[in-house]
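What follows is the content of data-v6.cif (mmCIF, C-alpha atoms).
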```cif
data_run
loop_
_atom_site.group_PDB
_atom_site.id
_atom_site.type_symbol
_atom_site.label_atom_id
_atom_site.label_comp_id
_atom_site.auth_asym_id
_atom_site.auth_seq_id
_atom_site.Cartn_x
_atom_site.Cartn_y
_atom_site.Cartn_z
ATOM 1 C CA MET A 210 -17.715 32.958 6.728
ATOM 2 C CA HIS A 211 -18.475 30.455 3.925
ATOM 3 C CA GLY A 212 -21.949 31.859 3.401
ATOM 4 C CA VAL A 213 -23.033 31.232 6.995
ATOM 5 C CA ALA A 214 -25.125 34.105 8.312
ATOM 6 C CA THR A 215 -23.238 35.939 11.045
ATOM 7 C CA ALA A 216 -24.812 37.302 14.211
ATOM 8 C CA PRO A 217 -25.402 41.086 14.267
ATOM 9 C CA PHE A 218 -22.854 41.374 17.073
ATOM 10 C CA ARG A 219 -20.452 39.040 18.850
ATOM 11 C CA LEU A 220 -18.995 38.970 22.305
ATOM 12 C CA ASP A 221 -15.236 38.687 22.583
ATOM 13 C CA ALA A 222 -13.824 36.070 24.928
ATOM 14 C CA LEU A 223 -13.809 37.142 28.574
ATOM 15 C CA VAL A 224 -10.124 36.208 28.716
ATOM 16 C CA ASN A 225 -7.825 36.793 25.753
ATOM 17 C CA LEU A 226 -6.437 33.355 24.885
ATOM 18 C CA ASN A 227 -4.740 34.412 21.667
ATOM 19 C CA HIS A 228 -1.191 34.027 22.915
ATOM 20 C CA PRO A 229 1.186 31.225 23.987
ATOM 21 C CA ASN A 230 0.315 29.621 27.313
ATOM 22 C CA HIS A 231 1.964 30.878 30.507
ATOM 23 C CA PHE A 232 3.587 28.256 32.712
ATOM 24 C CA ILE A 233 4.167 28.276 36.460
ATOM 25 C CA GLU A 234 7.609 26.827 37.234
ATOM 26 C CA TRP A 235 8.365 25.820 40.832
ATOM 27 C CA GLY A 236 11.237 23.377 41.238
ATOM 28 C CA TRP A 237 10.240 20.153 39.509
ATOM 29 C CA LEU A 238 6.669 21.381 39.144
ATOM 30 C CA SER A 239 5.662 22.830 35.798
ATOM 31 C CA ILE A 240 1.984 23.578 35.214
ATOM 32 C CA SER A 241 0.161 25.860 32.806
ATOM 33 C CA ARG A 242 -1.480 28.862 34.443
ATOM 34 C CA SER A 243 -4.878 27.929 33.016
ATOM 35 C CA ASN A 244 -4.680 24.401 34.475
ATOM 36 C CA ALA A 245 -3.560 25.819 37.842
ATOM 37 C CA ILE A 246 -6.559 28.197 37.834
ATOM 38 C CA VAL A 247 -8.988 25.337 37.073
ATOM 39 C CA ILE A 248 -7.522 23.163 39.861
ATOM 40 C CA GLY A 249 -7.688 26.135 42.257
ATOM 41 C CA LEU A 250 -11.343 26.759 41.393
ATOM 42 C CA MET A 251 -12.133 23.064 41.968
ATOM 43 C CA VAL A 252 -10.466 23.148 45.393
ATOM 44 C CA VAL A 253 -12.471 26.290 46.274
ATOM 45 C CA THR A 254 -15.657 24.542 45.066
ATOM 46 C CA PHE A 255 -14.856 21.492 47.192
ATOM 47 C CA ILE A 256 -14.255 23.571 50.314
ATOM 48 C CA ALA A 257 -17.529 25.412 49.679
ATOM 49 C CA ALA A 258 -19.359 22.078 49.167
ATOM 50 C CA VAL A 259 -18.150 20.909 52.586
ATOM 51 C CA ALA A 260 -18.449 24.212 54.482
ATOM 52 C CA VAL A 261 -21.631 25.792 53.123
ATOM 53 C CA PRO A 262 -24.671 24.503 55.063
ATOM 54 C CA PHE A 263 -27.198 22.588 53.002
ATOM 55 C CA PRO A 264 -30.641 24.280 52.966
ATOM 56 C CA GLY A 265 -32.898 22.852 55.683
ATOM 57 C CA GLN A 266 -30.135 20.764 57.229
ATOM 58 C CA GLY A 267 -30.175 22.414 60.671
ATOM 59 C CA ASP A 268 -33.678 21.379 61.792
ATOM 60 C CA ALA A 269 -33.498 17.758 60.609
ATOM 61 C CA ASP A 270 -30.474 16.533 62.574
ATOM 62 C CA GLY A 271 -30.913 12.907 63.542
ATOM 63 C CA GLU A 272 -34.176 12.612 61.675
ATOM 64 C CA GLU A 273 -34.929 11.493 58.194
ATOM 65 C CA ALA A 274 -34.829 14.310 55.697
ATOM 66 C CA GLN A 275 -37.571 14.615 53.114
ATOM 67 C CA MET B 196 -43.680 -26.869 31.663
ATOM 68 C CA THR B 197 -45.439 -25.648 34.775
ATOM 69 C CA SER B 198 -44.928 -22.339 36.511
ATOM 70 C CA THR B 199 -44.719 -22.432 40.298
ATOM 71 C CA PRO B 200 -43.524 -19.873 42.856
ATOM 72 C CA ASN B 201 -40.656 -22.174 43.777
ATOM 73 C CA ALA B 202 -39.445 -22.749 40.235
ATOM 74 C CA THR B 203 -35.679 -23.070 40.152
ATOM 75 C CA ASN B 204 -34.956 -21.796 36.673
ATOM 76 C CA TRP B 205 -32.449 -18.939 36.321
ATOM 77 C CA THR B 206 -34.961 -16.211 35.552
ATOM 78 C CA GLY B 207 -36.894 -16.916 38.747
ATOM 79 C CA ALA B 208 -33.713 -17.080 40.803
ATOM 80 C CA LEU B 209 -32.534 -13.802 39.282
ATOM 81 C CA ARG B 210 -35.870 -12.112 40.030
ATOM 82 C CA ARG B 211 -35.944 -13.312 43.632
ATOM 83 C CA GLY B 212 -32.314 -12.234 44.116
ATOM 84 C CA ALA B 213 -33.025 -8.785 42.677
ATOM 85 C CA GLU B 214 -36.126 -8.407 44.873
ATOM 86 C CA ARG B 215 -34.124 -9.351 47.969
ATOM 87 C CA ALA B 216 -31.243 -6.982 47.130
ATOM 88 C CA LEU B 217 -33.347 -4.066 45.962
ATOM 89 C CA PRO B 218 -36.987 -4.112 47.095
ATOM 90 C CA PRO B 219 -38.963 -1.216 45.528
ATOM 91 C CA GLU B 220 -38.883 0.913 48.699
ATOM 92 C CA LYS B 221 -35.085 0.597 48.732
ATOM 93 C CA LEU B 222 -34.663 1.177 44.999
ATOM 94 C CA LEU B 223 -36.765 4.351 44.975
ATOM 95 C CA PRO B 224 -36.866 5.630 48.590
ATOM 96 C CA GLU B 225 -38.943 8.652 49.569
ATOM 97 C CA THR B 226 -36.712 9.648 52.493
ATOM 98 C CA GLN B 227 -33.003 9.577 53.266
ATOM 99 C CA PRO B 228 -31.063 9.985 56.535
ATOM 100 C CA SER B 229 -30.398 13.638 57.433
ATOM 101 C CA TYR B 230 -26.664 13.316 56.710
ATOM 102 C CA VAL B 231 -27.467 12.786 53.017
ATOM 103 C CA ALA B 232 -28.453 16.482 52.896
ATOM 104 C CA SER B 233 -24.975 17.496 51.736
ATOM 105 C CA TRP B 234 -23.631 19.371 48.720
ATOM 106 C CA ILE B 235 -21.247 16.470 48.058
ATOM 107 C CA TYR B 236 -24.190 14.347 46.837
ATOM 108 C CA VAL B 237 -25.447 17.247 44.743
ATOM 109 C CA PHE B 238 -22.145 17.020 42.886
ATOM 110 C CA GLY B 239 -22.766 13.289 42.330
ATOM 111 C CA ALA B 240 -26.164 14.123 40.813
ATOM 112 C CA LEU B 241 -24.626 16.947 38.747
ATOM 113 C CA THR B 242 -22.102 14.434 37.387
ATOM 114 C CA MET B 243 -24.929 12.244 36.119
ATOM 115 C CA ALA B 244 -26.727 15.288 34.670
ATOM 116 C CA ALA B 245 -23.548 16.242 32.785
ATOM 117 C CA LEU B 246 -23.262 12.642 31.551
ATOM 118 C CA GLY B 247 -26.793 12.908 30.182
ATOM 119 C CA ILE B 248 -25.839 16.061 28.223
ATOM 120 C CA ILE B 249 -22.662 14.337 26.964
ATOM 121 C CA ILE B 250 -24.607 11.333 25.670
ATOM 122 C CA ALA B 251 -27.322 13.499 24.082
ATOM 123 C CA THR B 252 -24.884 15.861 22.318
ATOM 124 C CA GLY B 253 -22.663 12.912 21.343
ATOM 125 C CA ALA B 254 -25.659 11.206 19.746
ATOM 126 C CA VAL B 255 -26.394 14.356 17.721
ATOM 127 C CA LEU B 256 -22.741 14.565 16.599
ATOM 128 C CA ALA B 257 -22.849 10.892 15.581
ATOM 129 C CA ILE B 258 -26.024 11.434 13.566
ATOM 130 C CA MET B 259 -24.811 14.560 11.760
ATOM 131 C CA GLY B 260 -21.110 13.740 11.245
ATOM 132 C CA PRO B 261 -17.777 15.643 11.102
ATOM 133 C CA THR B 262 -18.552 17.934 8.143
ATOM 134 C CA TRP B 263 -21.555 19.276 10.042
ATOM 135 C CA TRP B 264 -19.739 19.854 13.334
ATOM 136 C CA HIS B 265 -16.805 21.539 11.542
ATOM 137 C CA HIS B 266 -18.714 23.841 9.186
ATOM 138 C CA SER B 267 -22.175 24.549 10.583
ATOM 139 C CA SER B 268 -22.874 27.110 13.326
ATOM 140 C CA THR B 269 -25.266 24.692 15.017
ATOM 141 C CA GLY B 270 -22.633 21.975 14.651
ATOM 142 C CA HIS B 271 -20.056 24.202 16.376
ATOM 143 C CA PHE B 272 -22.551 24.848 19.167
ATOM 144 C CA ILE B 273 -23.373 21.153 19.752
ATOM 145 C CA ASN B 274 -19.667 20.281 19.512
ATOM 146 C CA SER B 275 -18.891 22.919 22.149
ATOM 147 C CA MET B 276 -21.706 21.636 24.365
ATOM 148 C CA HIS B 277 -20.193 18.138 24.080
ATOM 149 C CA LEU B 278 -16.763 19.461 25.119
ATOM 150 C CA TRP B 279 -17.915 21.701 27.979
ATOM 151 C CA SER B 280 -20.302 19.116 29.433
ATOM 152 C CA VAL B 281 -17.298 16.771 29.580
ATOM 153 C CA GLU B 282 -15.253 19.458 31.378
ATOM 154 C CA LEU B 283 -18.076 19.912 33.906
ATOM 155 C CA PHE B 284 -18.579 16.121 34.175
ATOM 156 C CA PHE B 285 -14.974 15.713 35.311
ATOM 157 C CA ALA B 286 -15.024 18.745 37.627
ATOM 158 C CA PHE B 287 -18.240 17.577 39.340
ATOM 159 C CA MET B 288 -17.012 13.976 39.547
ATOM 160 C CA VAL B 289 -13.691 14.967 41.130
ATOM 161 C CA VAL B 290 -15.395 17.151 43.768
ATOM 162 C CA HIS B 291 -17.710 14.197 44.557
ATOM 163 C CA LEU B 292 -14.693 11.842 44.640
ATOM 164 C CA TRP B 293 -12.716 14.119 47.006
ATOM 165 C CA GLY B 294 -15.719 14.302 49.319
ATOM 166 C CA LYS B 295 -16.196 10.525 49.409
ATOM 167 C CA PHE B 296 -12.454 9.960 49.900
ATOM 168 C CA PHE B 297 -12.335 12.144 53.014
ATOM 169 C CA MET B 298 -15.533 10.454 54.280
ATOM 170 C CA ALA B 299 -13.823 7.053 53.787
ATOM 171 C CA ALA B 300 -16.961 6.066 51.913
ATOM 172 C CA TRP B 301 -15.818 2.449 51.582
ATOM 173 C CA ARG B 302 -16.690 1.848 55.273
ATOM 174 C CA GLY B 303 -19.473 -0.572 56.158
ATOM 175 C CA ASN B 304 -18.931 -3.110 53.381
ATOM 176 C CA ARG B 305 -19.230 -0.416 50.710
ATOM 177 C CA VAL B 306 -15.969 -1.260 48.929
ATOM 178 C CA LEU B 307 -17.721 -2.123 45.660
ATOM 179 C CA THR B 308 -19.536 1.224 45.667
ATOM 180 C CA TRP B 309 -16.213 3.076 46.041
ATOM 181 C CA VAL B 310 -14.378 0.889 43.520
ATOM 182 C CA SER B 311 -17.158 1.172 40.910
ATOM 183 C CA GLY B 312 -16.868 4.978 41.208
ATOM 184 C CA VAL B 313 -13.078 4.919 40.859
ATOM 185 C CA VAL B 314 -13.196 2.576 37.843
ATOM 186 C CA THR B 315 -15.834 4.829 36.258
ATOM 187 C CA PHE B 316 -13.418 7.745 36.718
ATOM 188 C CA VAL B 317 -10.560 5.840 35.035
ATOM 189 C CA ILE B 318 -12.694 4.669 32.087
ATOM 190 C CA SER B 319 -14.041 8.207 31.710
ATOM 191 C CA ILE B 320 -10.471 9.455 31.236
ATOM 192 C CA ALA B 321 -9.913 6.877 28.472
ATOM 193 C CA THR B 322 -13.216 7.944 26.885
ATOM 194 C CA ALA B 323 -12.167 11.601 26.950
ATOM 195 C CA PHE B 324 -8.739 10.836 25.465
ATOM 196 C CA THR B 325 -10.223 8.851 22.580
ATOM 197 C CA GLY B 326 -12.588 11.805 22.116
ATOM 198 C CA TYR B 327 -9.578 14.054 21.491
ATOM 199 C CA LEU B 328 -8.526 11.545 18.796
ATOM 200 C CA SER B 329 -11.989 11.626 17.184
ATOM 201 C CA GLN B 330 -12.173 15.360 16.447
ATOM 202 C CA THR B 331 -11.021 14.882 12.809
ATOM 203 C CA ASN B 332 -8.744 17.933 12.790
ATOM 204 C CA TYR B 333 -5.015 18.740 13.054
ATOM 205 C CA ASP B 334 -5.269 18.797 16.856
ATOM 206 C CA SER B 335 -6.390 15.160 16.946
ATOM 207 C CA GLN B 336 -3.638 14.155 14.498
ATOM 208 C CA TRP B 337 -1.009 15.870 16.645
ATOM 209 C CA ILE B 338 -2.308 14.240 19.843
ATOM 210 C CA ALA B 339 -2.371 10.817 18.147
ATOM 211 C CA THR B 340 1.261 11.039 17.047
ATOM 212 C CA GLN B 341 2.328 12.203 20.515
ATOM 213 C CA ALA B 342 0.322 9.437 22.229
ATOM 214 C CA LYS B 343 1.669 6.725 19.910
ATOM 215 C CA ASP B 344 5.082 6.565 21.578
ATOM 216 C CA GLY B 345 3.516 6.477 25.028
ATOM 217 C CA ILE B 346 1.146 3.607 24.191
ATOM 218 C CA ASN B 347 3.964 1.745 22.420
ATOM 219 C CA ALA B 348 6.060 2.052 25.593
ATOM 220 C CA THR B 349 3.376 0.106 27.480
ATOM 221 C CA GLY B 350 3.569 -2.709 24.920
ATOM 222 C CA GLY B 351 -0.050 -2.219 23.891
ATOM 223 C CA GLY B 352 0.532 -0.192 20.733
ATOM 224 C CA ALA B 353 -0.284 -3.032 18.337
ATOM 225 C CA LEU B 354 -3.640 -3.820 19.945
ATOM 226 C CA PHE B 355 -4.617 -0.243 20.801
ATOM 227 C CA ASN B 356 -3.324 1.845 17.889
ATOM 228 C CA VAL B 357 -3.987 5.536 18.492
ATOM 229 C CA LEU B 358 -3.069 6.281 14.860
ATOM 230 C CA ASN B 359 -5.961 4.083 13.716
ATOM 231 C CA PHE B 360 -8.762 6.648 13.561
ATOM 232 C CA GLY B 361 -11.523 4.113 12.943
ATOM 233 C CA GLN B 362 -10.491 2.065 15.967
ATOM 234 C CA MET B 363 -10.296 5.123 18.235
ATOM 235 C CA LEU B 364 -13.696 6.390 17.043
ATOM 236 C CA MET B 365 -15.284 2.995 17.739
ATOM 237 C CA TRP B 366 -13.783 2.902 21.244
ATOM 238 C CA HIS B 367 -14.984 6.470 21.846
ATOM 239 C CA ILE B 368 -18.577 6.083 20.700
ATOM 240 C CA THR B 369 -19.360 2.444 21.566
ATOM 241 C CA LEU B 370 -17.229 0.444 23.988
ATOM 242 C CA LEU B 371 -16.064 3.122 26.440
ATOM 243 C CA PRO B 372 -19.405 4.993 26.785
ATOM 244 C CA LEU B 373 -21.099 1.620 27.263
ATOM 245 C CA GLY B 374 -18.619 0.834 30.036
ATOM 246 C CA VAL B 375 -19.174 4.217 31.711
ATOM 247 C CA GLY B 376 -22.961 3.859 31.425
ATOM 248 C CA ILE B 377 -23.052 0.339 32.894
ATOM 249 C CA LEU B 378 -20.733 1.322 35.743
ATOM 250 C CA VAL B 379 -22.745 4.448 36.601
ATOM 251 C CA VAL B 380 -25.939 2.372 36.799
ATOM 252 C CA LEU B 381 -24.126 -0.239 38.922
ATOM 253 C CA HIS B 382 -22.736 2.540 41.171
ATOM 254 C CA VAL B 383 -26.196 4.027 41.785
ATOM 255 C CA LEU B 384 -27.728 0.573 42.431
ATOM 256 C CA LEU B 385 -24.954 -0.169 44.938
ATOM 257 C CA VAL B 386 -25.651 3.146 46.686
ATOM 258 C CA ARG B 387 -29.314 2.129 46.917
ATOM 259 C CA HIS B 388 -28.448 -1.396 48.083
ATOM 260 C CA LYS B 389 -25.853 -0.494 50.729
ATOM 261 C CA GLY B 390 -27.206 2.952 51.632
ATOM 262 C CA VAL B 391 -25.197 6.158 51.938
ATOM 263 C CA VAL B 392 -22.225 5.894 54.287
ATOM 264 C CA PRO B 393 -22.986 7.494 57.689
ATOM 265 C CA PRO B 394 -20.638 10.188 59.064
ATOM 266 C CA PHE B 395 -17.841 9.150 61.457
ATOM 267 C CA ALA B 396 -19.764 10.457 64.474
ATOM 268 C CA GLU B 397 -22.596 8.013 63.702
ATOM 269 C CA THR B 398 -20.256 4.994 63.767
ATOM 270 C CA LYS B 399 -18.820 5.008 67.301
ATOM 271 C CA GLY B 400 -16.202 2.382 67.991
ATOM 272 C CA GLY B 401 -14.682 2.353 64.526
ATOM 273 C CA ALA B 402 -15.762 1.740 60.991
ATOM 274 C CA LYS B 403 -18.970 -0.120 60.394
#
```
Target format structure tokens, applied to this file:
Amino acid sequence: MHGVATAPFRLDALVNLNHPNHFIEWGWLSISRSNAIVIGLMVVTFIAAVAVPFPGQGDADGEEAQ
Amino acid sequence: MTSTPNATNWTGALRRGAERALPPEKLLPETQPSYVASWIYVFGALTMAALGIIIATGAVLAIMGPTWWHHSSTGHFINSMHLWSVELFFAFMVVHLWGKFFMAAWRGNRVLTWVSGVVTFVISIATAFTGYLSQTNYDSQWIATQAKDGINATGGGALFNVLNFGQMLMWHITLLPLGVGILVVLHVLLVRHKGVVPPFAETKGGAK
């Protein structure tokens, strides 16, 4: 590769992206599968951020946390 | 010219105003109310951490230049860090934004705090888009030609010409990051000044 030293081994991508994108079609909605997955993961992250108790939160209710 | 505690020049007035708005114990508090112990604020802090990585990697890219980031392994790595820290920056910011939206975080005279966050989000999108135009590859050329019609349709194509690489690069590395940086600092100072919005249960009888 243009004289650049290559690593002794390389990891392939976890997901094979070497193909045309897949699209989810639902009525007027058209969204790429990869974008839909990212949005889904963000929604899951948001729900977890609201639902998962913060460490040390239970014993400091009504008081000032350190 | 004498110096007295009651001097009315603008520097003294500015200092007294800043001290009133943000006394040291308010600017750098040691404790916070218990409701601040929430993951939503962790995502706000993560957003700023990602912004720090973006600025640092962007500075390295600016120093080394396009040939380096296209052809050197280290350049590829720093370029990828710049891209992925932007992806995380937006993901963290949107989670933080969703949380504050459902908390109605503009309650209690905190409208400016909310609006400064929203405007930061909008300017960040413009910064990211001009970043796509600054890659110096076929992808950026394709995006520029596709964006040209859209910008022309707004009537702003003559002033903001996405086919003008130099102009887009300058917006991406000077004006827009400066805007994001100033707004983030303003946002944090407003959070310190107004305090974090209390939960609904704490504000009986409506919004405070």
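Using only C-alpha atoms, we find that the part of chain B lying within 9 Å of chain A comprises Glu225, Thr226, Gln227, Pro228, Ser229, Tyr230, Val231, Ala232, Ser233, Trp234, Ile235, Val237, Phe238, His266, Ser267, Ser268, Ala286, Phe287, Val289, Val290, His291, Trp293 and Gly294 of chain B.
If you look at CA of Ile248 in chain B and CA of Val375 in chain B, they are 14.0 Å away from each other.
If all atoms listed in the file are the atoms counted, then among B:Leu358, B:Ala323, B:Val386, B:Ala257 the closest residue to Trp337 in chain B is B:Leu358.
Pairwise distance (CA of Thr315 in chain B, CA of His382 in chain B) equals 8.8 Å.
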Checklist entry - Hey, what comes out of the PyMOL selection byres ((chain B and resi 325-336) around 6) on this file? Could you write it as a PyMOL selection string? => result chain B and resi 322-324+337-339+363-364+367
Expected file contents, prior selection, C-alpha atoms, as a PDB file, keeping the file's coordinate frame:
```
ATOM      1  CA  THR B 322     -13.216   7.944  26.885  1.00  0.00           C
ATOM      2  CA  ALA B 323     -12.167  11.601  26.950  1.00  0.00           C
ATOM      3  CA  PHE B 324      -8.739  10.836  25.465  1.00  0.00           C
ATOM      4  CA  TRP B 337      -1.009  15.870  16.645  1.00  0.00           C
ATOM      5  CA  ILE B 338      -2.308  14.240  19.843  1.00  0.00           C
ATOM      6  CA  ALA B 339      -2.371  10.817  18.147  1.00  0.00           C
ATOM      7  CA  MET B 363     -10.296   5.123  18.235  1.00  0.00           C
ATOM      8  CA  LEU B 364     -13.696   6.390  17.043  1.00  0.00           C
ATOM      9  CA  HIS B 367     -14.984   6.470  21.846  1.00  0.00           C
TER      10      HIS B 367
END
```
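Using only C-alpha atoms, the smallest distance between any of B:Pro219, B:Gly345, B:Gly207, B:Gly253 and Leu384 in chain B comes from B:Pro219.
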Item to check | Hits of the PyMOL selection byres ((chain B and resi 283) around 12) in this structure, as an MDAnalysis selection string | outcome: (chainID A and resid 247 251) or (chainID B and resid 238:239 241:249 276:282 284:290)
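In this model, the gap between CA of Leu256 in chain B and CA of Asn274 in chain B comes to 7.1 Å.
Listed by chain and then by number, the residues chosen by the PyMOL selection byres ((chain B and resi 378) around 8) in this file are Ser311, Gly312, Val314, Thr315, Gly374, Val375, Gly376, Ile377, Val379, Val380, Leu381 and His382 of chain B.
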Please produce range 246-267 of chain A, completed to N, CA and C atoms, as a compact mmCIF listing (two decimals), in the coordinates of the input.
```txt
# COMPACT_ATOMS: atom_id res chain seq x y z
N ILE A 246 -5.35 27.45 37.47
CA ILE A 246 -6.56 28.20 37.83
C ILE A 246 -7.75 27.24 37.97
N VAL A 247 -7.87 26.29 37.02
CA VAL A 247 -8.99 25.34 37.07
C VAL A 247 -8.91 24.48 38.33
N ILE A 248 -7.69 23.99 38.65
CA ILE A 248 -7.52 23.16 39.86
C ILE A 248 -7.85 23.99 41.10
N GLY A 249 -7.40 25.26 41.12
CA GLY A 249 -7.69 26.14 42.26
C GLY A 249 -9.18 26.34 42.43
N LEU A 250 -9.89 26.57 41.32
CA LEU A 250 -11.34 26.76 41.39
C LEU A 250 -12.04 25.49 41.90
N MET A 251 -11.52 24.32 41.50
CA MET A 251 -12.13 23.06 41.97
C MET A 251 -11.92 22.88 43.46
N VAL A 252 -10.73 23.26 43.95
CA VAL A 252 -10.47 23.15 45.39
C VAL A 252 -11.40 24.09 46.16
N VAL A 253 -11.55 25.32 45.63
CA VAL A 253 -12.47 26.29 46.27
C VAL A 253 -13.90 25.74 46.28
N THR A 254 -14.31 25.14 45.16
CA THR A 254 -15.66 24.54 45.07
C THR A 254 -15.82 23.42 46.09
N PHE A 255 -14.79 22.61 46.24
CA PHE A 255 -14.86 21.49 47.19
C PHE A 255 -14.99 22.01 48.63
N ILE A 256 -14.18 23.01 48.96
CA ILE A 256 -14.26 23.57 50.31
C ILE A 256 -15.65 24.16 50.56
N ALA A 257 -16.18 24.85 49.55
CA ALA A 257 -17.53 25.41 49.68
C ALA A 257 -18.56 24.29 49.84
N ALA A 258 -18.40 23.18 49.09
CA ALA A 258 -19.36 22.08 49.17
C ALA A 258 -19.37 21.46 50.56
N VAL A 259 -18.22 21.48 51.24
CA VAL A 259 -18.15 20.91 52.59
C VAL A 259 -18.61 21.93 53.63
N ALA A 260 -18.24 23.21 53.44
CA ALA A 260 -18.45 24.21 54.48
C ALA A 260 -19.82 24.88 54.42
N VAL A 261 -20.36 25.06 53.24
CA VAL A 261 -21.63 25.79 53.12
C VAL A 261 -22.77 24.88 53.59
N PRO A 262 -23.56 25.34 54.56
CA PRO A 262 -24.67 24.50 55.06
C PRO A 262 -25.68 24.20 53.96
N PHE A 263 -26.19 22.98 53.99
CA PHE A 263 -27.20 22.59 53.00
C PHE A 263 -28.54 23.15 53.46
N PRO A 264 -29.35 23.70 52.56
CA PRO A 264 -30.64 24.28 52.97
C PRO A 264 -31.51 23.28 53.73
N GLY A 265 -32.00 23.70 54.90
CA GLY A 265 -32.90 22.85 55.68
C GLY A 265 -32.21 21.78 56.48
N GLN A 266 -30.87 21.82 56.54
CA GLN A 266 -30.14 20.76 57.23
C GLN A 266 -30.24 20.90 58.74
N GLY A 267 -30.28 22.17 59.24
CA GLY A 267 -30.18 22.41 60.67
C GLY A 267 -31.29 21.81 61.51
```
